[in-house]
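Here's upload-v9.cif, which has mmCIF, C-alpha atoms:
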data_input
loop_
_atom_site.label_atom_id
_atom_site.label_comp_id
_atom_site.auth_asym_id
_atom_site.auth_seq_id
_atom_site.Cartn_x
_atom_site.Cartn_y
_atom_site.Cartn_z
CA MET A 1 187.97 42.02 105.24
CA GLU A 2 189.70 43.46 108.31
CA ILE A 3 188.58 46.96 109.41
CA SER A 4 190.54 48.82 112.12
CA TYR A 5 189.10 51.49 114.40
CA PHE A 6 191.04 54.31 116.02
CA GLY A 7 190.45 57.10 118.53
CA GLU A 8 186.86 57.94 119.35
CA ILE A 9 185.67 55.46 116.72
CA ALA A 10 187.25 52.57 118.64
CA GLU A 11 185.48 53.87 121.74
CA LYS A 12 182.10 54.02 119.98
CA THR A 13 182.46 50.58 118.33
CA ASN A 14 183.99 49.23 121.53
CA LYS A 15 186.59 47.35 119.48
CA THR A 16 189.88 48.11 117.72
CA SER A 17 189.14 45.94 114.69
CA GLU A 18 186.71 43.42 113.22
CA ASN A 19 186.43 41.17 110.21
CA LEU A 20 183.58 41.98 107.82
CA GLN A 21 182.91 39.65 104.91
CA GLU A 22 180.01 41.50 103.24
CA ILE A 23 181.73 44.85 102.65
CA SER A 24 182.91 45.33 99.07
CA ASP A 25 183.04 49.09 98.64
CA VAL A 26 183.27 52.33 100.59
CA ASN A 27 179.54 53.02 100.40
CA SER A 28 178.63 49.73 102.00
CA LEU A 29 181.20 50.34 104.74
CA ILE A 30 179.67 53.75 105.47
CA THR A 31 176.18 52.28 105.60
CA PHE A 32 177.39 49.55 107.94
CA LEU A 33 179.00 52.11 110.30
CA LYS A 34 175.88 54.28 110.37
CA ILE A 35 173.48 51.44 111.05
CA THR A 36 175.54 49.33 113.42
CA TYR A 37 177.27 52.05 115.47
CA HIS A 38 175.05 55.10 114.85
CA LEU A 39 178.00 57.09 113.53
CA ASN A 40 177.49 60.24 111.48
CA GLU A 41 179.57 60.86 108.38
CA SER A 42 181.00 63.97 110.07
CA ASP A 43 182.35 61.79 112.92
CA PHE A 44 184.80 59.70 110.92
CA GLN A 45 187.41 59.50 108.18
CA ILE A 46 188.29 56.39 106.19
CA ALA A 47 191.88 55.53 105.35
CA VAL A 48 192.61 52.98 102.63
CA ASN A 49 196.23 51.86 102.56
CA HIS A 50 197.21 54.79 104.78
CA SER A 51 195.56 57.48 102.66
CA ILE A 52 192.40 59.30 103.66
CA ILE A 53 189.77 58.93 100.93
CA GLU A 54 186.87 61.20 100.13
CA ILE A 55 183.80 59.81 101.91
CA SER A 56 181.82 60.46 98.72
CA GLU A 57 184.25 58.42 96.64
CA GLU A 58 182.85 55.34 94.96
CA LYS A 59 185.63 52.91 95.57
CA ASN A 60 185.84 49.16 95.67
CA LEU A 61 187.62 47.62 98.61
CA GLU A 62 189.85 44.57 98.16
CA GLU A 63 190.70 41.92 100.71
CA ILE A 64 194.34 43.06 100.47
CA ASP A 65 193.56 46.70 101.33
CA GLU A 66 194.37 48.05 104.77
CA ILE A 67 191.21 49.80 105.90
CA ALA A 68 190.88 52.02 108.96
CA VAL A 69 188.14 54.22 110.36
CA LEU A 70 189.52 57.23 112.21
CA SER A 71 188.13 60.03 114.35
CA ALA A 72 189.36 63.64 114.07
CA PHE A 73 193.11 64.19 114.40
CA ALA A 74 194.29 65.76 117.62
CA GLY A 75 198.08 65.67 117.55
CA GLY A 76 200.23 68.38 119.07
CA MET B 1 233.85 115.19 128.84
CA GLU B 2 234.13 111.40 129.16
CA ILE B 3 233.99 109.41 125.90
CA SER B 4 233.69 105.59 126.03
CA TYR B 5 234.86 103.24 123.29
CA PHE B 6 233.43 99.80 122.58
CA GLY B 7 234.15 96.83 120.33
CA GLU B 8 236.54 97.40 117.43
CA ILE B 9 236.70 101.13 118.30
CA ALA B 10 238.23 100.33 121.70
CA GLU B 11 240.75 98.15 119.85
CA LYS B 12 241.64 100.93 117.40
CA THR B 13 241.90 103.65 120.05
CA ASN B 14 243.63 101.20 122.38
CA LYS B 15 241.55 102.48 125.29
CA THR B 16 238.03 102.00 126.67
CA SER B 17 237.51 105.67 127.56
CA GLU B 18 239.18 109.03 127.73
CA ASN B 19 238.45 112.53 128.94
CA LEU B 20 238.30 115.23 126.24
CA GLN B 21 237.87 118.84 127.30
CA GLU B 22 237.77 120.50 123.87
CA ILE B 23 234.80 118.60 122.40
CA SER B 24 231.56 120.55 122.46
CA ASP B 25 229.52 119.03 119.67
CA VAL B 26 229.16 115.90 117.54
CA ASN B 27 231.04 117.36 114.59
CA SER B 28 234.12 118.13 116.64
CA LEU B 29 234.03 114.62 118.13
CA ILE B 30 233.91 113.12 114.62
CA THR B 31 236.80 115.28 113.48
CA PHE B 32 238.80 114.27 116.55
CA LEU B 33 238.18 110.53 115.90
CA LYS B 34 239.18 110.85 112.24
CA ILE B 35 242.37 112.75 112.89
CA THR B 36 243.56 111.04 116.05
CA TYR B 37 242.61 107.43 115.30
CA HIS B 38 242.23 107.44 111.51
CA LEU B 39 238.66 106.18 111.79
CA ASN B 40 236.23 106.44 108.90
CA GLU B 41 232.66 107.56 109.46
CA SER B 42 231.46 104.17 108.21
CA ASP B 43 233.43 102.46 111.00
CA PHE B 44 231.57 103.88 113.98
CA GLN B 45 228.30 104.89 115.55
CA ILE B 46 227.87 107.49 118.29
CA ALA B 47 225.48 106.94 121.18
CA VAL B 48 224.43 109.89 123.32
CA ASN B 49 222.63 108.86 126.51
CA HIS B 50 222.14 105.33 125.13
CA SER B 51 220.59 106.39 121.82
CA ILE B 52 222.36 106.18 118.48
CA ILE B 53 222.41 109.59 116.82
CA GLU B 54 222.68 110.42 113.15
CA ILE B 55 226.32 111.09 112.36
CA SER B 56 225.20 114.06 110.28
CA GLU B 57 223.31 115.57 113.21
CA GLU B 58 224.49 118.93 114.46
CA LYS B 59 224.23 118.37 118.14
CA ASN B 60 225.85 120.02 121.15
CA LEU B 61 227.32 117.72 123.74
CA GLU B 62 227.03 118.51 127.44
CA GLU B 63 229.35 117.47 130.24
CA ILE B 64 226.43 115.50 131.74
CA ASP B 65 225.83 113.45 128.55
CA GLU B 66 226.93 109.83 128.40
CA ILE B 67 228.84 109.54 125.12
CA ALA B 68 230.02 106.31 123.55
CA VAL B 69 231.64 105.43 120.23
CA LEU B 70 230.59 101.97 119.03
CA SER B 71 231.59 99.63 116.22
CA ALA B 72 229.02 97.59 114.24
CA PHE B 73 226.66 95.42 116.28
CA ALA B 74 227.31 91.69 116.15
CA GLY B 75 224.96 90.09 118.65
CA GLY B 76 223.38 86.69 118.14
CA MET C 1 209.18 107.90 134.70
CA HIS C 2 212.52 107.91 136.46
CA GLN C 3 210.78 106.49 139.52
CA LYS C 4 209.33 103.69 137.41
CA LEU C 5 212.72 102.81 135.92
CA MET C 6 214.28 102.76 139.35
CA THR C 7 211.80 100.32 140.83
CA LYS C 8 211.37 98.04 137.83
CA LYS C 9 213.37 94.86 138.09
CA THR C 10 215.67 94.57 135.07
CA LYS C 11 215.89 91.04 133.76
CA GLN C 12 219.34 89.54 133.53
CA VAL C 13 220.21 88.90 129.87
CA PHE C 14 224.01 88.70 129.75
CA LEU C 15 225.79 85.60 130.96
CA GLN C 16 229.53 85.04 131.15
CA GLY C 17 230.37 82.11 128.85
CA LYS C 18 228.27 79.66 126.85
CA ILE C 19 224.59 78.83 127.40
CA THR C 20 224.48 75.17 128.38
CA PRO C 21 221.86 72.54 127.49
CA GLU C 22 221.34 72.06 131.25
CA PHE C 23 220.50 75.75 131.66
CA ILE C 24 217.90 75.44 128.89
CA ALA C 25 216.45 72.26 130.44
CA GLU C 26 216.06 74.09 133.74
CA MET C 27 214.18 76.93 132.01
CA ILE C 28 211.83 74.44 130.35
CA GLN C 29 211.32 72.72 133.72
CA ASN C 30 210.51 76.05 135.39
CA HIS C 31 207.69 76.66 132.88
CA GLN C 32 205.93 73.38 133.60
CA THR C 33 204.08 74.85 136.58
CA LYS C 34 202.49 77.49 134.32
CA SER C 35 199.34 75.61 133.37
CA GLU C 36 198.05 78.37 131.05
CA ILE C 37 200.90 77.73 128.57
CA GLY C 38 200.22 75.59 125.49
CA ALA C 39 203.16 76.44 123.25
CA HIS C 40 206.82 77.33 123.64
CA ASN C 41 209.22 78.39 120.92
CA ILE C 42 212.96 78.58 121.51
CA PHE C 43 215.57 80.06 119.21
CA MET C 44 219.22 79.26 119.83
CA GLY C 45 222.20 80.83 118.09
CA GLN C 46 225.13 78.41 117.88
CA VAL C 47 228.69 79.41 116.95
CA ARG C 48 229.30 78.17 113.41
CA LYS C 49 232.66 77.14 111.99
CA ASP C 50 232.75 79.70 109.21
CA VAL C 51 235.68 79.72 106.84
CA ILE C 52 236.92 83.25 106.05
CA GLU C 53 239.69 83.64 103.49
CA GLY C 54 240.79 80.08 104.12
CA LYS C 55 240.90 80.38 107.90
CA ASN C 56 238.54 78.48 110.21
CA VAL C 57 236.63 80.33 112.89
CA THR C 58 237.15 78.51 116.21
CA ALA C 59 235.28 80.85 118.54
CA LEU C 60 233.44 84.13 118.90
CA HIS C 61 234.33 86.61 121.62
CA PHE C 62 231.50 88.88 122.73
CA SER C 63 231.44 92.11 124.69
CA CYS C 64 228.73 94.71 125.13
CA TYR C 65 227.88 98.23 126.23
CA GLU C 66 225.84 96.82 129.06
CA GLU C 67 223.93 99.86 130.29
CA MET C 68 222.67 100.78 126.81
CA ALA C 69 222.10 97.11 125.95
CA ASN C 70 219.87 96.53 128.97
CA LYS C 71 217.87 99.66 128.15
CA LYS C 72 217.33 98.49 124.53
CA LEU C 73 216.43 94.99 125.68
CA GLU C 74 213.82 96.39 128.06
CA ILE C 75 212.26 98.34 125.17
CA ILE C 76 212.29 95.24 122.96
CA ARG C 77 210.65 93.25 125.76
CA GLU C 78 207.88 95.81 126.25
CA GLU C 79 207.18 96.24 122.55
CA THR C 80 207.11 92.48 122.00
CA PHE C 81 204.49 92.06 124.73
CA GLU C 82 202.45 94.87 123.15
CA LYS C 83 202.63 93.26 119.72
CA TYR C 84 202.12 89.57 120.52
CA HIS C 85 199.98 87.61 122.98
CA LEU C 86 202.67 85.95 125.05
CA THR C 87 202.67 84.51 128.53
CA CYS C 88 206.39 85.05 128.99
CA MET C 89 209.64 85.68 127.18
CA HIS C 90 213.29 85.29 128.11
CA ILE C 91 216.41 86.45 126.32
CA TYR C 92 219.94 85.33 127.19
CA HIS C 93 223.17 86.32 125.45
CA SER C 94 226.70 85.16 126.19
CA LEU C 95 229.70 87.36 126.86
CA GLY C 96 233.35 86.27 126.57
CA ARG C 97 234.72 83.47 124.45
CA ILE C 98 232.22 80.98 122.99
CA ASN C 99 233.65 78.09 120.99
CA VAL C 100 232.29 76.59 117.76
CA GLY C 101 229.27 74.38 118.54
CA GLU C 102 228.37 76.26 121.71
CA ILE C 103 225.24 78.36 122.17
CA CYS C 104 225.55 82.13 122.54
CA LEU C 105 221.95 83.36 122.16
CA LEU C 106 218.69 82.03 123.56
CA VAL C 107 215.23 83.50 122.95
CA PHE C 108 212.45 81.63 124.76
CA VAL C 109 208.82 82.56 124.15
CA SER C 110 205.69 80.99 125.65
CA ALA C 111 201.98 81.50 124.96
CA GLY C 112 198.59 79.96 125.53
CA HIS C 113 198.26 79.06 121.87
CA ARG C 114 200.83 78.59 119.14
CA PRO C 115 199.99 80.97 116.26
CA GLU C 116 202.17 83.90 117.27
CA VAL C 117 205.14 82.23 118.94
CA TYR C 118 207.14 81.69 115.73
CA GLU C 119 206.84 85.26 114.52
CA ALA C 120 207.42 86.69 118.01
CA THR C 121 210.66 84.71 118.27
CA GLU C 122 211.89 85.93 114.89
CA TYR C 123 210.94 89.51 115.77
CA ILE C 124 212.92 89.39 119.03
CA VAL C 125 215.99 87.77 117.43
CA ASN C 126 216.06 90.35 114.63
CA ARG C 127 215.78 93.27 117.04
CA VAL C 128 218.47 91.88 119.36
CA LYS C 129 220.81 91.55 116.38
CA SER C 130 220.17 94.99 114.93
CA GLU C 131 219.57 97.22 117.96
CA VAL C 132 221.48 95.90 120.96
CA PRO C 133 225.10 97.09 121.32
CA ILE C 134 226.84 93.73 121.40
CA PHE C 135 230.26 93.39 119.75
CA GLY C 136 231.88 90.19 118.55
CA LYS C 137 235.26 89.05 117.29
CA GLU C 138 235.66 85.96 115.14
CA ILE C 139 238.70 84.15 116.52
CA PHE C 140 240.66 82.03 114.04
CA GLU C 141 242.76 78.91 114.66
CA ASP C 142 245.96 80.98 114.76
CA GLU C 143 244.35 83.27 117.41
CA SER C 144 244.18 86.17 114.94
CA HIS C 145 240.74 87.77 114.79
CA GLN C 146 238.29 89.77 112.72
CA TRP C 147 235.37 91.88 113.96
CA LYS C 148 231.95 90.47 113.12
CA LYS C 149 229.27 92.78 111.71
CA ASN C 150 225.55 92.09 111.57
CA ILE C 151 224.16 93.51 108.37
CA MET D 1 210.96 52.94 95.00
CA HIS D 2 209.84 50.08 97.20
CA GLN D 3 213.49 49.11 97.62
CA LYS D 4 214.31 52.62 98.71
CA LEU D 5 211.52 52.65 101.28
CA MET D 6 212.63 49.27 102.61
CA THR D 7 216.22 50.28 103.21
CA LYS D 8 215.58 53.78 104.52
CA LYS D 9 215.81 54.03 108.28
CA THR D 10 212.51 55.30 109.67
CA LYS D 11 213.04 57.85 112.40
CA GLN D 12 211.40 57.16 115.74
CA VAL D 13 208.79 59.85 116.44
CA PHE D 14 206.45 58.34 119.03
CA LEU D 15 207.50 58.10 122.65
CA GLN D 16 205.55 56.55 125.50
CA GLY D 17 204.86 59.31 128.06
CA LYS D 18 205.96 62.91 128.37
CA ILE D 19 208.97 64.53 126.68
CA THR D 20 211.29 65.58 129.48
CA PRO D 21 213.52 68.68 129.70
CA GLU D 22 216.48 66.28 130.09
CA PHE D 23 215.62 64.58 126.79
CA ILE D 24 215.58 68.00 125.09
CA ALA D 25 218.90 68.98 126.72
CA GLU D 26 220.44 65.78 125.39
CA MET D 27 219.24 66.59 121.86
CA ILE D 28 220.75 70.07 122.08
CA GLN D 29 224.00 68.57 123.37
CA ASN D 30 224.07 66.09 120.47
CA HIS D 31 223.95 68.96 117.98
CA GLN D 32 226.97 70.76 119.40
CA THR D 33 229.38 68.63 117.37
CA LYS D 34 227.73 69.79 114.13
CA SER D 35 229.91 72.81 113.43
CA GLU D 36 227.99 73.84 110.29
CA ILE D 37 224.91 74.75 112.37
CA GLY D 38 224.33 78.41 113.27
CA ALA D 39 220.66 78.39 114.31
CA HIS D 40 218.24 76.04 116.04
CA ASN D 41 214.53 76.54 116.52
CA ILE D 42 212.50 74.32 118.84
CA PHE D 43 208.73 74.20 119.17
CA MET D 44 207.22 72.48 122.19
CA GLY D 45 203.55 71.73 122.75
CA GLN D 46 202.70 71.73 126.45
CA VAL D 47 199.44 70.37 127.90
CA ARG D 48 197.34 73.37 128.90
CA LYS D 49 194.79 73.44 131.74
CA ASP D 50 191.80 74.27 129.56
CA VAL D 51 188.43 74.74 131.21
CA ILE D 52 185.60 73.11 129.26
CA GLU D 53 182.06 73.63 130.50
CA GLY D 54 183.35 74.36 133.98
CA LYS D 55 185.60 71.30 134.19
CA ASN D 56 189.40 71.51 134.32
CA VAL D 57 191.50 69.46 131.94
CA THR D 58 194.12 67.57 133.97
CA ALA D 59 195.75 65.53 131.20
CA LEU D 60 195.66 64.52 127.57
CA HIS D 61 195.75 60.89 126.53
CA PHE D 62 197.22 60.24 123.08
CA SER D 63 197.06 57.25 120.77
CA CYS D 64 197.87 56.91 117.09
CA TYR D 65 197.53 54.78 113.98
CA GLU D 66 201.25 54.21 113.99
CA GLU D 67 201.86 52.68 110.57
CA MET D 68 199.99 55.44 108.73
CA ALA D 69 201.41 58.10 111.07
CA ASN D 70 205.01 57.08 110.35
CA LYS D 71 204.32 57.12 106.62
CA LYS D 72 202.83 60.64 106.81
CA LEU D 73 205.71 61.85 109.00
CA GLU D 74 208.22 60.52 106.48
CA ILE D 75 206.46 62.51 103.72
CA ILE D 76 206.40 65.64 105.89
CA ARG D 77 210.10 65.19 106.60
CA GLU D 78 211.00 64.83 102.92
CA GLU D 79 208.85 67.75 101.80
CA THR D 80 210.23 69.98 104.56
CA PHE D 81 213.80 69.27 103.45
CA GLU D 82 212.80 70.05 99.85
CA LYS D 83 211.18 73.34 100.86
CA TYR D 84 213.67 74.70 103.42
CA HIS D 85 217.46 74.72 103.75
CA LEU D 86 217.87 72.74 106.95
CA THR D 87 220.77 70.77 108.36
CA CYS D 88 218.51 68.52 110.38
CA MET D 89 215.04 68.14 111.84
CA HIS D 90 213.55 66.00 114.58
CA ILE D 91 209.94 65.40 115.53
CA TYR D 92 208.81 63.71 118.74
CA HIS D 93 205.26 63.10 119.91
CA SER D 94 204.06 61.53 123.12
CA LEU D 95 201.65 58.62 123.47
CA GLY D 96 199.69 57.73 126.60
CA ARG D 97 198.73 60.07 129.43
CA ILE D 98 200.45 63.46 129.56
CA ASN D 99 199.57 65.71 132.49
CA VAL D 100 199.00 69.48 132.44
CA GLY D 101 202.36 71.29 132.25
CA GLU D 102 204.12 68.39 130.54
CA ILE D 103 205.42 68.45 126.97
CA CYS D 104 203.77 66.23 124.34
CA LEU D 105 205.21 67.55 121.04
CA LEU D 106 208.72 68.59 120.10
CA VAL D 107 209.82 69.90 116.69
CA PHE D 108 213.54 70.65 116.51
CA VAL D 109 214.98 72.28 113.38
CA SER D 110 218.61 73.29 112.71
CA ALA D 111 220.22 75.22 109.86
CA GLY D 112 223.39 77.04 108.91
CA HIS D 113 221.63 80.39 109.03
CA ARG D 114 218.48 81.52 110.78
CA PRO D 115 216.09 82.98 108.15
CA GLU D 116 214.08 79.85 107.44
CA VAL D 117 214.05 78.03 110.77
CA TYR D 118 210.99 79.82 112.19
CA GLU D 119 208.80 79.19 109.16
CA ALA D 120 210.04 75.61 108.78
CA THR D 121 209.09 74.91 112.39
CA GLU D 122 205.60 76.35 111.94
CA TYR D 123 205.16 74.40 108.69
CA ILE D 124 206.07 71.11 110.36
CA VAL D 125 203.88 71.71 113.42
CA ASN D 126 200.86 72.58 111.23
CA ARG D 127 201.29 69.49 109.07
CA VAL D 128 201.75 67.20 112.07
CA LYS D 129 198.51 68.56 113.55
CA SER D 130 196.44 68.31 110.39
CA GLU D 131 197.79 65.23 108.60
CA VAL D 132 199.13 62.74 111.12
CA PRO D 133 196.60 60.27 112.58
CA ILE D 134 197.06 61.04 116.26
CA PHE D 135 194.05 60.93 118.57
CA GLY D 136 193.68 62.62 121.93
CA LYS D 137 191.29 62.60 124.84
CA GLU D 138 191.03 65.52 127.26
CA ILE D 139 190.85 63.97 130.72
CA PHE D 140 188.99 65.98 133.36
CA GLU D 141 189.47 66.07 137.13
CA ASP D 142 186.64 63.56 137.65
CA GLU D 143 188.32 61.18 135.11
CA SER D 144 185.55 61.78 132.56
CA HIS D 145 186.86 62.67 129.12
CA GLN D 146 186.15 64.37 125.83
CA TRP D 147 187.80 63.74 122.46
CA LYS D 148 190.01 66.57 121.25
CA LYS D 149 189.73 67.73 117.63
CA ASN D 150 192.24 69.84 115.74
CA ILE D 151 190.42 72.20 113.42
#
How does this structure look as structure tokens?
Amino acid sequence: MEISYFGEIAEKTNKTSENLQEISDVNSLITFLKITYHLNESDFQIAVNHSIIEISEEKNLEEIDEIAVLSAFAGG
Amino acid sequence: MEISYFGEIAEKTNKTSENLQEISDVNSLITFLKITYHLNESDFQIAVNHSIIEISEEKNLEEIDEIAVLSAFAGG
Amino acid sequence: MHQKLMTKKTKQVFLQGKITPEFIAEMIQNHQTKSEIGAHNIFMGQVRKDVIEGKNVTALHFSCYEEMANKKLEIIREETFEKYHLTCMHIYHSLGRINVGEICLLVFVSAGHRPEVYEATEYIVNRVKSEVPIFGKEIFEDESHQWKKNI
Amino acid sequence: MHQKLMTKKTKQVFLQGKITPEFIAEMIQNHQTKSEIGAHNIFMGQVRKDVIEGKNVTALHFSCYEEMANKKLEIIREETFEKYHLTCMHIYHSLGRINVGEICLLVFVSAGHRPEVYEATEYIVNRVKSEVPIFGKEIFEDESHQWKKNI
């Protein structure tokens, strides 16, 4: 499954995307981000198919989903 | 005493100013405007030294005062 | 007091003819050296093709009682700065004939942060419309006219 | 629904680099043929020289998640038109490095009459800031940076 990184998250992961086979739900993605990149939950937002989801949400992720990890918005 | 006319009032009086010797207070000015130019009180405002006064005000006018008769504002 | 009025520079508000897009661009450009500004808000009044009793408005013709108008505008300027946290404000109003589609009023407000700029702009526009002795005729296609009244 | 989305023309919001005064003048010019318009309101975000822990900000660097951003902007556009009586609205946001004093956000709203333009502008600016995935770094004089966060 393809995961995209944006803003400060792309800086911290040092990549703009990567392919992760083992991730099947939001919780496992969060755990992966914490362990691999030392991110805190307050540092990021997760968008599934262009909608921000609640970090607490128990949600399965499908291969077809467009998944992105975003830092805080700073437009304007 | 010099009276200036602006906007629609200048159109109705067909002049931008005139000198009136007999006017000594606001009431006599109003009476003059009604009789001479057939103006209604709802058609005009009177400014004395750049401030709009209440038409009902009993107020003496001095030779030194700057007196203007104005139609409705339409800026913007 | 009189001394103060005499020495204070009165800002030019009235311009003969329309306010051009180039004039507005130049104002924006002139504010780019002010590094403390984070937000600008600009209101522009444009002459609308109103239809009154079947006749199309083609232009507005403005005149003003300039001495009183400048005095009122100075008061509006001072009271706006007292009420809102602004870095600067500019007001321009056209005199003479302004055709449909052309701009006749410009209110330009700048501040460090955005929260108050919208309300400050509205406040200034409303006061200019209700308190400043500016007179306007709506000119129709057949060159007849009707005097405009702000409510 | 999908059909509708496919055929609808998405408006270009993101521009590489600063928004110039000339670009804004051209937009104003382009609205002068719309004779039903009586009021325009423009908000501009300008890059401010903030001082953070003793270091001066010299520029902001913007990036975005463009696909999601355009979808959110389309929703904001539709909901703004539902909520306010506007003739047209335009939103532009810069990407890349924008120096202090330069303009990075433009919201341009036009209507027949003025009452709603101020609030509509504020509504759009607030939603762009809080809902659109745009990311920004504050670049300091020594080229170090810090990520900007809208509250």
> CA of Val69 in chain A and CA of Glu131 in chain D are how many Å apart?
Replying inline: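 CA of Glu131 in chain D lies 14.7 Å from CA of Val69 in chain A.
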>> Need to verify the contact set: range 55-62 of chain A, 6 Å, only C-alpha atoms, exclusion of same-chain residues closer than 6 positions in sequence. Can you return it as a PyMOL selection string?
In response: chain A and resi 24-26
>> I'd like the residues picked by the PyMOL selection byres ((chain C and resi 133) around 10) written out as JSON, numbers by chain, using the chain letters and numbers from the file.
In response: {"B": [6, 7, 47, 50, 52, 70, 71, 72, 73, 74, 75], "C": [63, 64, 65, 66, 67, 68, 69, 70, 72, 73, 128, 129, 130, 131, 132, 134, 135]}
> Counting all atoms listed in the file, which residues come within 10 Å of (192.5, 63.1, 130.4), with the point read in the file's coordinates, and could you list them as JSON, numbers by chain?
Replying inline: {"D": [56, 57, 58, 59, 60, 61, 62, 96, 97, 98, 99, 100, 136, 137, 138, 139, 140, 141, 142, 143, 144, 145, 146, 147]}
> Expressed in Å to a single decimal, how great is the separation between CA of His113 in chain D and CA of Ala25 in chain D?
Replying inline: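 For CA of His113 in chain D relative to CA of Ala25 in chain D, the distance reads 21.2 Å.
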Where does chain D meet chain C within 7 Å, residue by residue, with the nearest atom pair and distance in Å to one decimal for each, counting only C-alpha atoms, listed by chain and rising number, as a tab-separated table?
residue	atom	partner	partner_atom	distance
D:Pro21	CA	C:Ala25	CA	4.7
D:Glu22	CA	C:Ala25	CA	6.0
D:Ile24	CA	C:Ala25	CA	6.9
D:Ala25	CA	C:Pro21	CA	4.7
D:Ile28	CA	C:Pro21	CA	6.0
D:Gln29	CA	C:Pro21	CA	6.1
D:Gln32	CA	C:Gly101	CA	4.4
D:Thr33	CA	C:Gly101	CA	5.9
D:Lys34	CA	C:Gly101	CA	6.5
D:Ser35	CA	C:Lys49	CA	5.3
D:Glu36	CA	C:Arg48	CA	5.5
D:Ile37	CA	C:Arg48	CA	5.7
D:Gly38	CA	C:Gln46	CA	4.7
D:Ala39	CA	C:Gly45	CA	4.8
D:His40	CA	C:Met44	CA	5.1
D:Asn41	CA	C:Phe43	CA	4.6
D:Ile42	CA	C:Ile42	CA	5.0
D:Phe43	CA	C:Asn41	CA	4.6
D:Met44	CA	C:His40	CA	5.1
D:Gly45	CA	C:Ala39	CA	4.8
D:Gln46	CA	C:Gly38	CA	4.7
D:Val47	CA	C:Gly38	CA	5.8
D:Arg48	CA	C:Gly38	CA	5.0
D:Lys49	CA	C:Ser35	CA	5.3
D:Val100	CA	C:Ser35	CA	6.2
D:Gly101	CA	C:Gln32	CA	4.4
D:Glu102	CA	C:Gln32	CA	6.1
D:Tyr118	CA	C:Tyr118	CA	5.6
D:Glu122	CA	C:Tyr118	CA	6.7
>> Could you tell me how far CA of Thr80 in chain C sits from CA of Phe14 in chain C, in Å to one decimal place?
In response: 19.0 Å
For range 9-22 of chain B, work out the shell of residues within 8 Å, counting all atoms listed in the file and skipping chain neighbours fewer than 4 positions away, then give it as a PDB file with C-alpha atoms, keeping the file's coordinate frame.
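What follows is the written file out-v2.pdb:
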ATOM      1  CA  MET B   1     233.850 115.190 128.840  1.00  0.00           C
ATOM      2  CA  GLU B   2     234.130 111.400 129.160  1.00  0.00           C
ATOM      3  CA  ILE B   3     233.990 109.410 125.900  1.00  0.00           C
ATOM      4  CA  SER B   4     233.690 105.590 126.030  1.00  0.00           C
ATOM      5  CA  TYR B   5     234.860 103.240 123.290  1.00  0.00           C
ATOM      6  CA  TYR B  37     242.610 107.430 115.300  1.00  0.00           C
ATOM      7  CA  PHE B  44     231.570 103.880 113.980  1.00  0.00           C
ATOM      8  CA  VAL B  69     231.640 105.430 120.230  1.00  0.00           C
ATOM      9  CA  LEU B  70     230.590 101.970 119.030  1.00  0.00           C
ATOM     10  CA  SER B  71     231.590  99.630 116.220  1.00  0.00           C
TER      11      SER B  71
END
